[in-house]
>>> print(open('data.cif').read())   # mmCIF, C-alpha atoms
data_work
#
loop_
_atom_site.label_atom_id
_atom_site.label_comp_id
_atom_site.auth_asym_id
_atom_site.auth_seq_id
_atom_site.Cartn_x
_atom_site.Cartn_y
_atom_site.Cartn_z
CA MET A 1 123.37 -162.95 -70.30
CA LYS A 2 120.31 -161.07 -69.10
CA THR A 3 120.89 -158.69 -66.23
CA ILE A 4 118.64 -157.66 -63.34
CA PRO A 5 117.96 -153.92 -62.95
CA ASP A 6 118.32 -153.64 -59.17
CA THR A 7 118.90 -155.76 -56.11
CA VAL A 8 115.27 -155.90 -54.91
CA SER A 9 114.45 -157.49 -58.28
CA LEU A 10 116.39 -160.52 -57.06
CA ILE A 11 113.38 -161.31 -54.84
CA GLY A 12 111.05 -163.88 -56.38
CA ASN A 13 111.29 -165.97 -59.56
CA THR A 14 112.71 -168.77 -57.43
CA PRO A 15 113.22 -172.26 -58.91
CA LEU A 16 110.66 -175.03 -58.53
CA VAL A 17 112.24 -178.46 -58.03
CA ARG A 18 110.74 -181.96 -58.16
CA LEU A 19 111.47 -183.68 -54.87
CA LYS A 20 112.38 -187.31 -55.50
CA GLY A 21 111.79 -188.86 -52.07
CA PRO A 22 108.48 -187.11 -51.35
CA SER A 23 107.28 -187.88 -54.90
CA GLU A 24 108.04 -191.57 -54.44
CA ALA A 25 106.34 -191.59 -51.02
CA ALA A 26 103.22 -189.92 -52.41
CA GLY A 27 103.13 -191.87 -55.68
CA CYS A 28 102.92 -188.63 -57.65
CA ASP A 29 104.87 -185.44 -58.37
CA ILE A 30 105.75 -183.22 -55.40
CA PHE A 31 107.43 -179.90 -56.21
CA GLY A 32 109.18 -177.53 -53.81
CA LYS A 33 109.39 -173.78 -54.42
CA CYS A 34 112.98 -172.89 -53.46
CA GLU A 35 112.33 -169.75 -51.44
CA PHE A 36 115.72 -170.10 -49.76
CA ALA A 37 117.07 -168.75 -53.08
CA ASN A 38 115.77 -165.26 -52.25
CA PRO A 39 118.42 -162.71 -51.12
CA GLY A 40 117.32 -163.03 -47.49
CA ALA A 41 117.17 -166.82 -47.85
CA SER A 42 113.46 -167.13 -47.11
CA VAL A 43 109.93 -166.79 -48.50
CA LYS A 44 109.45 -163.75 -46.26
CA ASP A 45 111.46 -161.55 -48.64
CA ARG A 46 108.34 -161.40 -50.82
CA ALA A 47 106.16 -160.07 -48.02
CA ALA A 48 108.87 -157.62 -46.95
CA LEU A 49 109.13 -156.13 -50.44
CA GLY A 50 105.35 -156.07 -50.90
CA ILE A 51 104.75 -154.32 -47.58
CA ILE A 52 107.48 -151.71 -48.11
CA ARG A 53 106.34 -150.96 -51.67
CA ASP A 54 102.76 -150.57 -50.45
CA ALA A 55 103.83 -148.14 -47.70
CA GLU A 56 105.81 -146.12 -50.26
CA GLU A 57 102.90 -146.00 -52.71
CA ARG A 58 100.52 -144.83 -49.99
CA GLY A 59 102.98 -142.09 -48.99
CA GLU A 60 103.41 -143.42 -45.45
CA LEU A 61 107.08 -144.34 -45.84
CA LYS A 62 109.25 -141.42 -46.82
CA PRO A 63 113.00 -141.16 -47.63
CA GLY A 64 115.11 -141.75 -44.52
CA GLY A 65 112.17 -143.32 -42.69
CA THR A 66 112.12 -146.39 -40.45
CA VAL A 67 110.37 -149.71 -40.84
CA VAL A 68 109.39 -151.44 -37.59
CA GLU A 69 108.20 -155.03 -37.40
CA GLY A 70 107.54 -157.86 -34.96
CA THR A 71 108.75 -161.16 -36.37
CA ALA A 72 110.10 -164.62 -35.64
CA GLY A 73 113.09 -163.52 -37.69
CA ASN A 74 112.77 -164.17 -41.41
CA THR A 75 110.42 -161.28 -42.19
CA GLY A 76 112.76 -159.01 -40.25
CA ILE A 77 115.70 -160.19 -42.31
CA GLY A 78 113.79 -159.53 -45.53
CA ILE A 79 112.70 -156.09 -44.31
CA ALA A 80 116.26 -155.18 -43.30
CA LEU A 81 117.61 -156.07 -46.73
CA VAL A 82 114.87 -154.26 -48.66
CA ALA A 83 115.10 -151.26 -46.31
CA ASN A 84 118.87 -151.07 -46.83
CA ALA A 85 118.35 -151.09 -50.60
CA ARG A 86 115.70 -148.35 -50.34
CA GLY A 87 117.49 -146.13 -47.83
CA TYR A 88 115.42 -146.83 -44.70
CA LYS A 89 116.31 -147.79 -41.14
CA THR A 90 114.93 -150.95 -39.52
CA ILE A 91 113.80 -151.84 -35.98
CA ILE A 92 112.94 -155.50 -35.44
CA VAL A 93 111.21 -156.96 -32.38
CA MET A 94 111.38 -160.73 -31.93
CA PRO A 95 110.84 -163.32 -29.18
CA ASP A 96 114.07 -164.21 -27.41
CA ASN A 97 113.52 -167.96 -27.95
CA GLN A 98 114.17 -167.81 -31.69
CA SER A 99 117.41 -169.14 -33.18
CA GLN A 100 120.66 -167.30 -32.44
CA GLU A 101 121.43 -167.37 -36.16
CA LYS A 102 118.43 -165.16 -36.92
CA MET A 103 119.38 -162.67 -34.24
CA ALA A 104 123.00 -162.54 -35.37
CA THR A 105 121.89 -162.10 -38.98
CA LEU A 106 119.60 -159.17 -38.13
CA ARG A 107 122.37 -157.42 -36.23
CA ALA A 108 124.81 -158.05 -39.09
CA LEU A 109 122.34 -156.47 -41.53
CA GLY A 110 122.26 -153.28 -39.49
CA ALA A 111 118.80 -153.69 -37.97
CA GLU A 112 118.17 -152.49 -34.43
CA LEU A 113 117.09 -155.66 -32.65
CA VAL A 114 114.74 -155.67 -29.67
CA THR A 115 114.10 -159.04 -28.01
CA VAL A 116 111.18 -159.78 -25.69
CA PRO A 117 110.11 -162.88 -23.74
CA PRO A 118 107.64 -165.11 -25.64
CA THR A 119 104.07 -164.60 -24.48
CA LYS A 120 100.48 -165.05 -25.64
CA PHE A 121 99.10 -162.68 -28.28
CA ALA A 122 96.60 -161.33 -25.73
CA SER A 123 99.45 -159.90 -23.65
CA PRO A 124 100.50 -156.30 -24.36
CA ALA A 125 104.10 -157.54 -24.04
CA HIS A 126 103.71 -159.75 -27.13
CA PHE A 127 106.31 -159.03 -29.80
CA VAL A 128 103.66 -157.85 -32.30
CA HIS A 129 102.14 -155.32 -29.88
CA THR A 130 105.60 -154.19 -28.76
CA SER A 131 106.59 -153.49 -32.37
CA ARG A 132 103.39 -151.50 -32.95
CA ARG A 133 104.11 -149.30 -29.91
CA ILE A 134 107.69 -148.68 -31.01
CA ALA A 135 106.45 -147.65 -34.47
CA GLU A 136 103.94 -145.24 -32.93
CA GLU A 137 106.65 -143.69 -30.76
CA THR A 138 109.31 -143.39 -33.50
CA GLU A 139 109.25 -140.32 -35.74
CA GLY A 140 109.05 -141.15 -39.45
CA ALA A 141 108.37 -144.84 -38.77
CA VAL A 142 105.84 -147.21 -40.28
CA TRP A 143 104.67 -150.47 -38.74
CA ALA A 144 104.93 -153.32 -41.25
CA ASN A 145 102.20 -155.31 -39.46
CA GLN A 146 102.83 -158.45 -41.52
CA PHE A 147 100.06 -160.44 -39.84
CA ASP A 148 97.20 -158.09 -40.73
CA ASN A 149 98.64 -156.10 -43.63
CA ILE A 150 97.19 -157.70 -46.75
CA ALA A 151 100.03 -156.29 -48.86
CA ASN A 152 101.64 -159.49 -47.54
CA ARG A 153 99.24 -161.89 -49.23
CA ARG A 154 98.95 -159.64 -52.27
CA ALA A 155 102.67 -160.23 -52.90
CA HIS A 156 101.92 -163.96 -53.19
CA ILE A 157 98.82 -163.45 -55.33
CA GLU A 158 100.87 -161.34 -57.74
CA THR A 159 104.17 -163.26 -57.73
CA THR A 160 104.32 -166.69 -56.06
CA ALA A 161 101.08 -168.08 -57.48
CA PRO A 162 101.69 -167.12 -61.13
CA GLU A 163 105.28 -168.35 -60.88
CA ILE A 164 104.08 -171.78 -59.69
CA TRP A 165 101.40 -171.86 -62.38
CA ASP A 166 103.90 -171.04 -65.13
CA GLN A 167 106.60 -173.38 -63.82
CA MET A 168 104.12 -176.27 -63.73
CA ASP A 169 102.78 -175.44 -67.22
CA GLY A 170 99.33 -174.77 -65.80
CA ARG A 171 99.01 -178.35 -64.52
CA VAL A 172 98.59 -177.82 -60.79
CA ASP A 173 96.37 -180.16 -58.78
CA GLY A 174 97.21 -178.99 -55.29
CA PHE A 175 99.17 -176.63 -53.08
CA THR A 176 99.88 -176.71 -49.36
CA CYS A 177 101.91 -174.91 -46.74
CA ALA A 178 101.86 -174.01 -43.07
CA VAL A 179 100.68 -170.67 -41.71
CA GLY A 180 102.50 -167.98 -39.76
CA THR A 181 100.85 -164.78 -40.93
CA GLY A 182 98.67 -166.59 -43.47
CA GLY A 183 100.02 -164.51 -46.34
CA THR A 184 101.57 -167.37 -48.27
CA LEU A 185 98.74 -169.90 -47.94
CA ALA A 186 95.99 -167.35 -48.62
CA GLY A 187 97.86 -165.50 -51.34
CA VAL A 188 99.05 -168.54 -53.27
CA GLY A 189 95.66 -170.18 -52.76
CA MET A 190 93.77 -167.18 -54.10
CA GLY A 191 96.21 -166.77 -56.97
CA LEU A 192 96.05 -170.40 -58.06
CA LYS A 193 92.25 -170.53 -57.71
CA ALA A 194 92.08 -167.54 -60.08
CA PHE A 195 93.75 -169.74 -62.70
CA ASP A 196 91.75 -172.88 -61.87
CA GLU A 197 89.13 -173.19 -59.14
CA ASN A 198 89.75 -176.94 -58.96
CA VAL A 199 93.27 -176.56 -57.52
CA ALA A 200 93.07 -178.04 -54.01
CA ILE A 201 94.49 -175.78 -51.28
CA ALA A 202 95.49 -177.44 -48.01
CA LEU A 203 96.71 -176.14 -44.66
CA SER A 204 99.61 -178.05 -43.09
CA ASP A 205 99.46 -177.05 -39.42
CA PRO A 206 102.00 -177.87 -36.69
CA TYR A 207 100.85 -179.06 -33.29
CA GLY A 208 100.32 -176.16 -30.88
CA ALA A 209 98.56 -174.10 -33.57
CA ALA A 210 94.81 -173.60 -33.71
CA LEU A 211 94.03 -173.43 -37.42
CA TYR A 212 93.71 -177.17 -38.06
CA GLU A 213 90.74 -177.31 -35.69
CA TYR A 214 89.35 -174.09 -37.13
CA TYR A 215 89.26 -175.34 -40.71
CA ALA A 216 88.25 -178.87 -39.69
CA HIS A 217 85.59 -178.01 -37.09
CA GLY A 218 85.13 -174.22 -37.01
CA GLU A 219 86.79 -173.76 -33.62
CA LEU A 220 90.12 -172.07 -32.86
CA LYS A 221 91.59 -174.73 -30.60
CA SER A 222 95.20 -175.86 -30.15
CA GLU A 223 96.63 -179.19 -29.11
CA GLY A 224 100.22 -180.15 -28.28
CA ASN A 225 103.22 -178.02 -29.19
CA SER A 226 105.93 -177.54 -31.80
CA VAL A 227 109.48 -176.21 -31.93
CA ALA A 228 108.98 -174.90 -35.49
CA GLU A 229 109.81 -171.21 -35.81
CA GLY A 230 107.72 -168.74 -37.77
CA ILE A 231 104.65 -170.93 -38.20
CA GLY A 232 101.70 -171.77 -35.99
CA GLN A 233 98.80 -169.35 -35.55
CA GLY A 234 96.05 -169.01 -32.97
CA ARG A 235 93.81 -166.46 -34.69
CA ILE A 236 92.39 -165.54 -38.06
CA THR A 237 94.64 -162.76 -39.29
CA ALA A 238 93.50 -160.28 -41.93
CA ASN A 239 95.68 -162.16 -44.41
CA LEU A 240 93.77 -165.38 -43.66
CA GLU A 241 90.29 -163.92 -44.09
CA ASP A 242 88.55 -165.67 -47.00
CA ALA A 243 91.56 -167.95 -47.57
CA PRO A 244 90.36 -170.76 -49.89
CA VAL A 245 91.30 -173.73 -47.70
CA ASP A 246 89.84 -177.01 -49.00
CA THR A 247 91.41 -179.42 -46.53
CA GLN A 248 93.80 -179.46 -43.59
CA TYR A 249 96.47 -181.65 -42.01
CA ARG A 250 98.10 -181.64 -38.60
CA ILE A 251 101.79 -182.46 -38.85
CA SER A 252 104.02 -183.45 -35.91
CA ASP A 253 107.57 -182.16 -35.48
CA GLU A 254 108.80 -185.74 -35.78
CA GLU A 255 107.12 -186.18 -39.18
CA GLY A 256 108.46 -182.84 -40.38
CA LEU A 257 111.96 -183.62 -39.10
CA GLU A 258 111.95 -186.94 -40.94
CA TRP A 259 111.58 -185.04 -44.20
CA VAL A 260 114.22 -182.51 -43.14
CA ARG A 261 116.55 -185.48 -42.52
CA ARG A 262 115.73 -187.26 -45.75
CA LEU A 263 115.89 -184.20 -47.98
CA LEU A 264 119.35 -183.39 -46.64
CA ALA A 265 120.72 -186.95 -46.59
CA GLU A 266 119.20 -188.07 -49.90
CA GLU A 267 118.78 -184.91 -51.98
CA GLY A 268 121.30 -182.41 -50.60
CA LEU A 269 118.78 -179.80 -49.41
CA ALA A 270 119.42 -178.19 -46.00
CA LEU A 271 116.07 -176.88 -44.82
CA GLY A 272 114.26 -175.71 -41.69
CA LEU A 273 111.44 -177.50 -39.88
CA SER A 274 108.68 -175.42 -41.49
CA SER A 275 109.82 -176.78 -44.87
CA GLY A 276 109.73 -180.33 -43.49
CA ILE A 277 106.18 -179.80 -42.23
CA ASN A 278 105.19 -178.38 -45.63
CA VAL A 279 106.65 -181.38 -47.46
CA ALA A 280 104.90 -183.80 -45.10
CA GLY A 281 101.63 -182.03 -45.88
CA ALA A 282 102.36 -182.13 -49.61
CA VAL A 283 102.90 -185.91 -49.45
CA ARG A 284 99.52 -186.37 -47.74
CA LEU A 285 97.78 -184.06 -50.20
CA GLY A 286 99.46 -185.82 -53.13
CA GLN A 287 98.33 -189.23 -51.90
CA GLU A 288 94.73 -188.05 -51.45
CA LEU A 289 94.54 -186.26 -54.80
CA THR A 290 96.12 -189.19 -56.66
CA ALA A 291 93.46 -191.53 -55.23
CA LYS A 292 90.71 -189.04 -56.05
CA LEU A 293 91.87 -188.18 -59.58
CA GLY A 294 92.84 -191.71 -60.60
CA ARG A 295 96.22 -190.48 -61.89
CA PRO A 296 99.44 -189.17 -60.34
CA ALA A 297 98.73 -185.71 -58.94
CA ARG A 298 100.96 -182.64 -59.23
CA VAL A 299 101.37 -180.82 -55.91
CA ALA A 300 103.50 -177.82 -54.97
CA THR A 301 104.67 -176.57 -51.60
CA ILE A 302 107.05 -174.00 -50.16
CA LEU A 303 110.63 -174.69 -49.10
CA CYS A 304 110.58 -171.72 -46.73
CA ASP A 305 114.18 -171.09 -45.73
CA THR A 306 117.65 -172.53 -45.35
CA GLY A 307 118.67 -174.99 -42.67
CA PHE A 308 121.80 -172.90 -42.09
CA ARG A 309 119.54 -170.60 -40.06
CA TYR A 310 119.03 -173.39 -37.48
CA LEU A 311 122.52 -174.76 -36.82
CA SER A 312 122.14 -174.08 -33.08
CA THR A 313 118.75 -175.83 -32.92
CA LEU A 314 117.60 -178.38 -35.52
CA TYR A 315 121.16 -179.35 -36.39
CA ASN A 316 122.40 -179.41 -32.79
CA PRO A 317 122.18 -182.89 -31.19
CA ASP A 318 122.08 -181.54 -27.63
CA TRP A 319 119.19 -179.21 -28.47
CA LEU A 320 117.27 -182.00 -30.21
CA ARG A 321 117.71 -184.33 -27.22
CA GLU A 322 116.62 -181.59 -24.83
CA LYS A 323 113.41 -181.22 -26.86
CA GLY A 324 112.86 -184.99 -26.99
CA LEU A 325 113.32 -185.08 -30.77
CA PRO A 326 115.25 -187.61 -32.87
CA VAL A 327 118.87 -186.75 -33.64
CA PHE A 328 120.08 -186.98 -37.25
CA PRO A 329 122.50 -189.94 -37.21
CA TRP A 330 125.46 -188.04 -38.69
CA LEU A 331 125.34 -185.47 -35.87
CA ASP A 332 126.50 -188.16 -33.42
CA ARG A 333 129.61 -189.11 -35.34
#
>>> encode(input="data.cif", output="structure tokens")
Amino acid sequence: MKTIPDTVSLIGNTPLVRLKGPSEAAGCDIFGKCEFANPGASVKDRAALGIIRDAEERGELKPGGTVVEGTAGNTGIGIALVANARGYKTIIVMPDNQSQEKMATLRALGAELVTVPPTKFASPAHFVHTSRRIAEETEGAVWANQFDNIANRRAHIETTAPEIWDQMDGRVDGFTCAVGTGGTLAGVGMGLKAFDENVAIALSDPYGAALYEYYAHGELKSEGNSVAEGIGQGRITANLEDAPVDTQYRISDEEGLEWVRRLLAEEGLALGLSSGINVAGAVRLGQELTAKLGRPARVATILCDTGFRYLSTLYNPDWLREKGLPVFPWLDR
């Protein structure tokens, strides 16, 4: 048996699985990158490790230091785990409307958790700006700045993209995912395009975000809303600059939830809504590429995190009804 040298080396090299239902719906091969297999159970572990390593290499983060970040939760969880392994303290700022599971997890990991009311990015009370101020006021602290720190997307250029390429034997027709910081879409897109410029990169955007309109019509404009956590962006972050986006889809919560339901009921995968939105986008991209190529396409997407992080929300019938969303039938038994 091969061993792994240290615990941070557990991040990455996640499995890639063919998804039966989405593949049948698209008439091609849809693959999901199982990022819930990371130690922090999400894709954000990659960004957390990349950002901390970058701060160490630049000499900004010193032994016994503190990492401060504003996050919807998953990046904070990844940072807390990596920081624990490297001997740093963690302060996490997050909106108070995120799932209770994420908050409880951060506290259990030893992070200092600061919650703030959700507000627009333009407000100085926004969780990102609050985290920056705390970092500036804390001795020995660095601000992770996941939205505009391109160490985030570099982690995906260097790890996620080549993993997908290798796992698919260099036969990749398309990739899609939603955007929170933009690190995953831009990084995987840039990485795959470096292998083959013909790989189609698509944005799968929830309602309430502005990037669909930006890539479709050049205007940052939002429409509707979404309950998805950790995705949905209203600006072009530094990670998104020059992202090679070839096409874009707008995905409703209902469409994403249908894939969350089916993947759990039919394939035994408990996922969050961002994963459902990604899979819905992958089905659309697969259908389009299959028609264009005249053969079954091969499309990859990101299964971002575990559904166990949303037991109080997505898997709670009362919460779903309150939001006007369909309830999974088994929750009413």
>>> residues_around(input="data.cif", residues="segment 139-143 of chain A", least_positions_apart="6", cutoff="10 Å", atoms="all atoms listed in the file", output="list in words")
Ile51, Ile52, Ala55, Glu60, Leu61, Lys62, Pro63, Gly64, Gly65, Thr66, Val67, Val68, Glu69, Gly70, Tyr88, Lys89, Thr90, Ile91, Val128, Ser131, Arg132, Arg133 and Asn149 of chain A
>>> atom_distance(input="data.cif", atom1="atom CA of Leu269 of chain A", atom2="atom CA of Lys193 of chain A")
29.3 Å
>>> atom_distance(input="data.cif", atom1="atom CA of Gly272 of chain A", atom2="atom CA of Arg250 of chain A")
17.5 Å
>>> resolve_selection(input="data.cif", expression="the PyMOL selection byres ((chain A and resi 221-235) around 9)", output="MDAnalysis selection string")
chainID A and resid 71:74 98:99 121 178:182 205:214 219:220 236:237 252:253 272:274 277 323
>>> residues_around(input="data.cif", residues="Glu101 of chain A", least_positions_apart="2", cutoff="7 Å", atoms="only C-alpha atoms", output="PDB file with C-alpha atoms, in the coordinates of the input")
ATOM      1  CA  SER A  99     117.410-169.140 -33.180  1.00  0.00           C
ATOM      2  CA  MET A 103     119.380-162.670 -34.240  1.00  0.00           C
ATOM      3  CA  ALA A 104     123.000-162.540 -35.370  1.00  0.00           C
ATOM      4  CA  THR A 105     121.890-162.100 -38.980  1.00  0.00           C
ATOM      5  CA  ARG A 309     119.540-170.600 -40.060  1.00  0.00           C
ATOM      6  CA  TYR A 310     119.030-173.390 -37.480  1.00  0.00           C
TER       7      TYR A 310
END
>>> closest_atom_pairs(input="data.cif", of="segment 134-199 of chain A", to="segment 24-30 of chain A", cutoff="12 Å", atoms="all atoms listed in the file", output="JSON lines")
{"residue": "A:Met168", "atom": "CA", "partner": "A:Asp29", "partner_atom": "CA", "distance": 10.6}
{"residue": "A:Arg171", "atom": "CA", "partner": "A:Asp29", "partner_atom": "CA", "distance": 11.1}
{"residue": "A:Val172", "atom": "CA", "partner": "A:Asp29", "partner_atom": "CA", "distance": 10.2}
{"residue": "A:Asp173", "atom": "CA", "partner": "A:Asp29", "partner_atom": "CA", "distance": 10.0}
{"residue": "A:Gly174", "atom": "CA", "partner": "A:Ile30", "partner_atom": "CA", "distance": 9.5}
{"residue": "A:Phe175", "atom": "CA", "partner": "A:Ile30", "partner_atom": "CA", "distance": 9.6}
{"residue": "A:Thr176", "atom": "CA", "partner": "A:Ile30", "partner_atom": "CA", "distance": 10.6}
>>> residues_around(input="data.cif", residues="segment 32-36 of chain A", least_positions_apart="6", cutoff="7 Å", atoms="all atoms listed in the file", output="ChimeraX atom specification")
/A:14-19,42-43,300-306
>>> closest_residue(input="data.cif", among="A:Ala161, A:Val279, A:Ala291, A:Ala155", to="Ser204 of chain A", atoms="only C-alpha atoms")
A:Val279
>>> atom_distance(input="data.cif", atom1="atom CA of Asp169 of chain A", atom2="atom CA of Met190 of chain A")
17.9 Å
>>> residues_around(input="data.cif", residues="Asn13 of chain A", least_positions_apart="4", cutoff="12 Å", atoms="all atoms listed in the file", output="PDB file with C-alpha atoms, in the coordinates of the input")
ATOM      1  CA  ILE A   4     118.640-157.660 -63.340  1.00  0.00           C
ATOM      2  CA  VAL A   8     115.270-155.900 -54.910  1.00  0.00           C
ATOM      3  CA  SER A   9     114.450-157.490 -58.280  1.00  0.00           C
ATOM      4  CA  LYS A  33     109.390-173.780 -54.420  1.00  0.00           C
ATOM      5  CA  CYS A  34     112.980-172.890 -53.460  1.00  0.00           C
ATOM      6  CA  GLU A  35     112.330-169.750 -51.440  1.00  0.00           C
ATOM      7  CA  PHE A  36     115.720-170.100 -49.760  1.00  0.00           C
ATOM      8  CA  ALA A  37     117.070-168.750 -53.080  1.00  0.00           C
ATOM      9  CA  ASN A  38     115.770-165.260 -52.250  1.00  0.00           C
ATOM     10  CA  PRO A  39     118.420-162.710 -51.120  1.00  0.00           C
ATOM     11  CA  VAL A  43     109.930-166.790 -48.500  1.00  0.00           C
ATOM     12  CA  ASP A  45     111.460-161.550 -48.640  1.00  0.00           C
ATOM     13  CA  ARG A  46     108.340-161.400 -50.820  1.00  0.00           C
ATOM     14  CA  HIS A 156     101.920-163.960 -53.190  1.00  0.00           C
ATOM     15  CA  GLU A 158     100.870-161.340 -57.740  1.00  0.00           C
ATOM     16  CA  THR A 159     104.170-163.260 -57.730  1.00  0.00           C
ATOM     17  CA  THR A 160     104.320-166.690 -56.060  1.00  0.00           C
ATOM     18  CA  ALA A 161     101.080-168.080 -57.480  1.00  0.00           C
ATOM     19  CA  PRO A 162     101.690-167.120 -61.130  1.00  0.00           C
ATOM     20  CA  GLU A 163     105.280-168.350 -60.880  1.00  0.00           C
ATOM     21  CA  ILE A 164     104.080-171.780 -59.690  1.00  0.00           C
ATOM     22  CA  TRP A 165     101.400-171.860 -62.380  1.00  0.00           C
ATOM     23  CA  ASP A 166     103.900-171.040 -65.130  1.00  0.00           C
ATOM     24  CA  GLN A 167     106.600-173.380 -63.820  1.00  0.00           C
TER      25      GLN A 167
END
>>> residues_near_point(input="data.cif", point="(94.7, -164.8, -45.1)", cutoff="7 Å", atoms="all atoms listed in the file", output="list in words")
Arg153, Gly182, Gly183, Ala186, Thr237, Ala238, Asn239, Leu240, Glu241, Asp242 and Ala243 of chain A
>>> closest_residue(input="data.cif", among="A:Pro326, A:Pro5, A:Asp148, A:Pro22", to="Gln287 of chain A", atoms="all atoms listed in the file")
A:Pro22
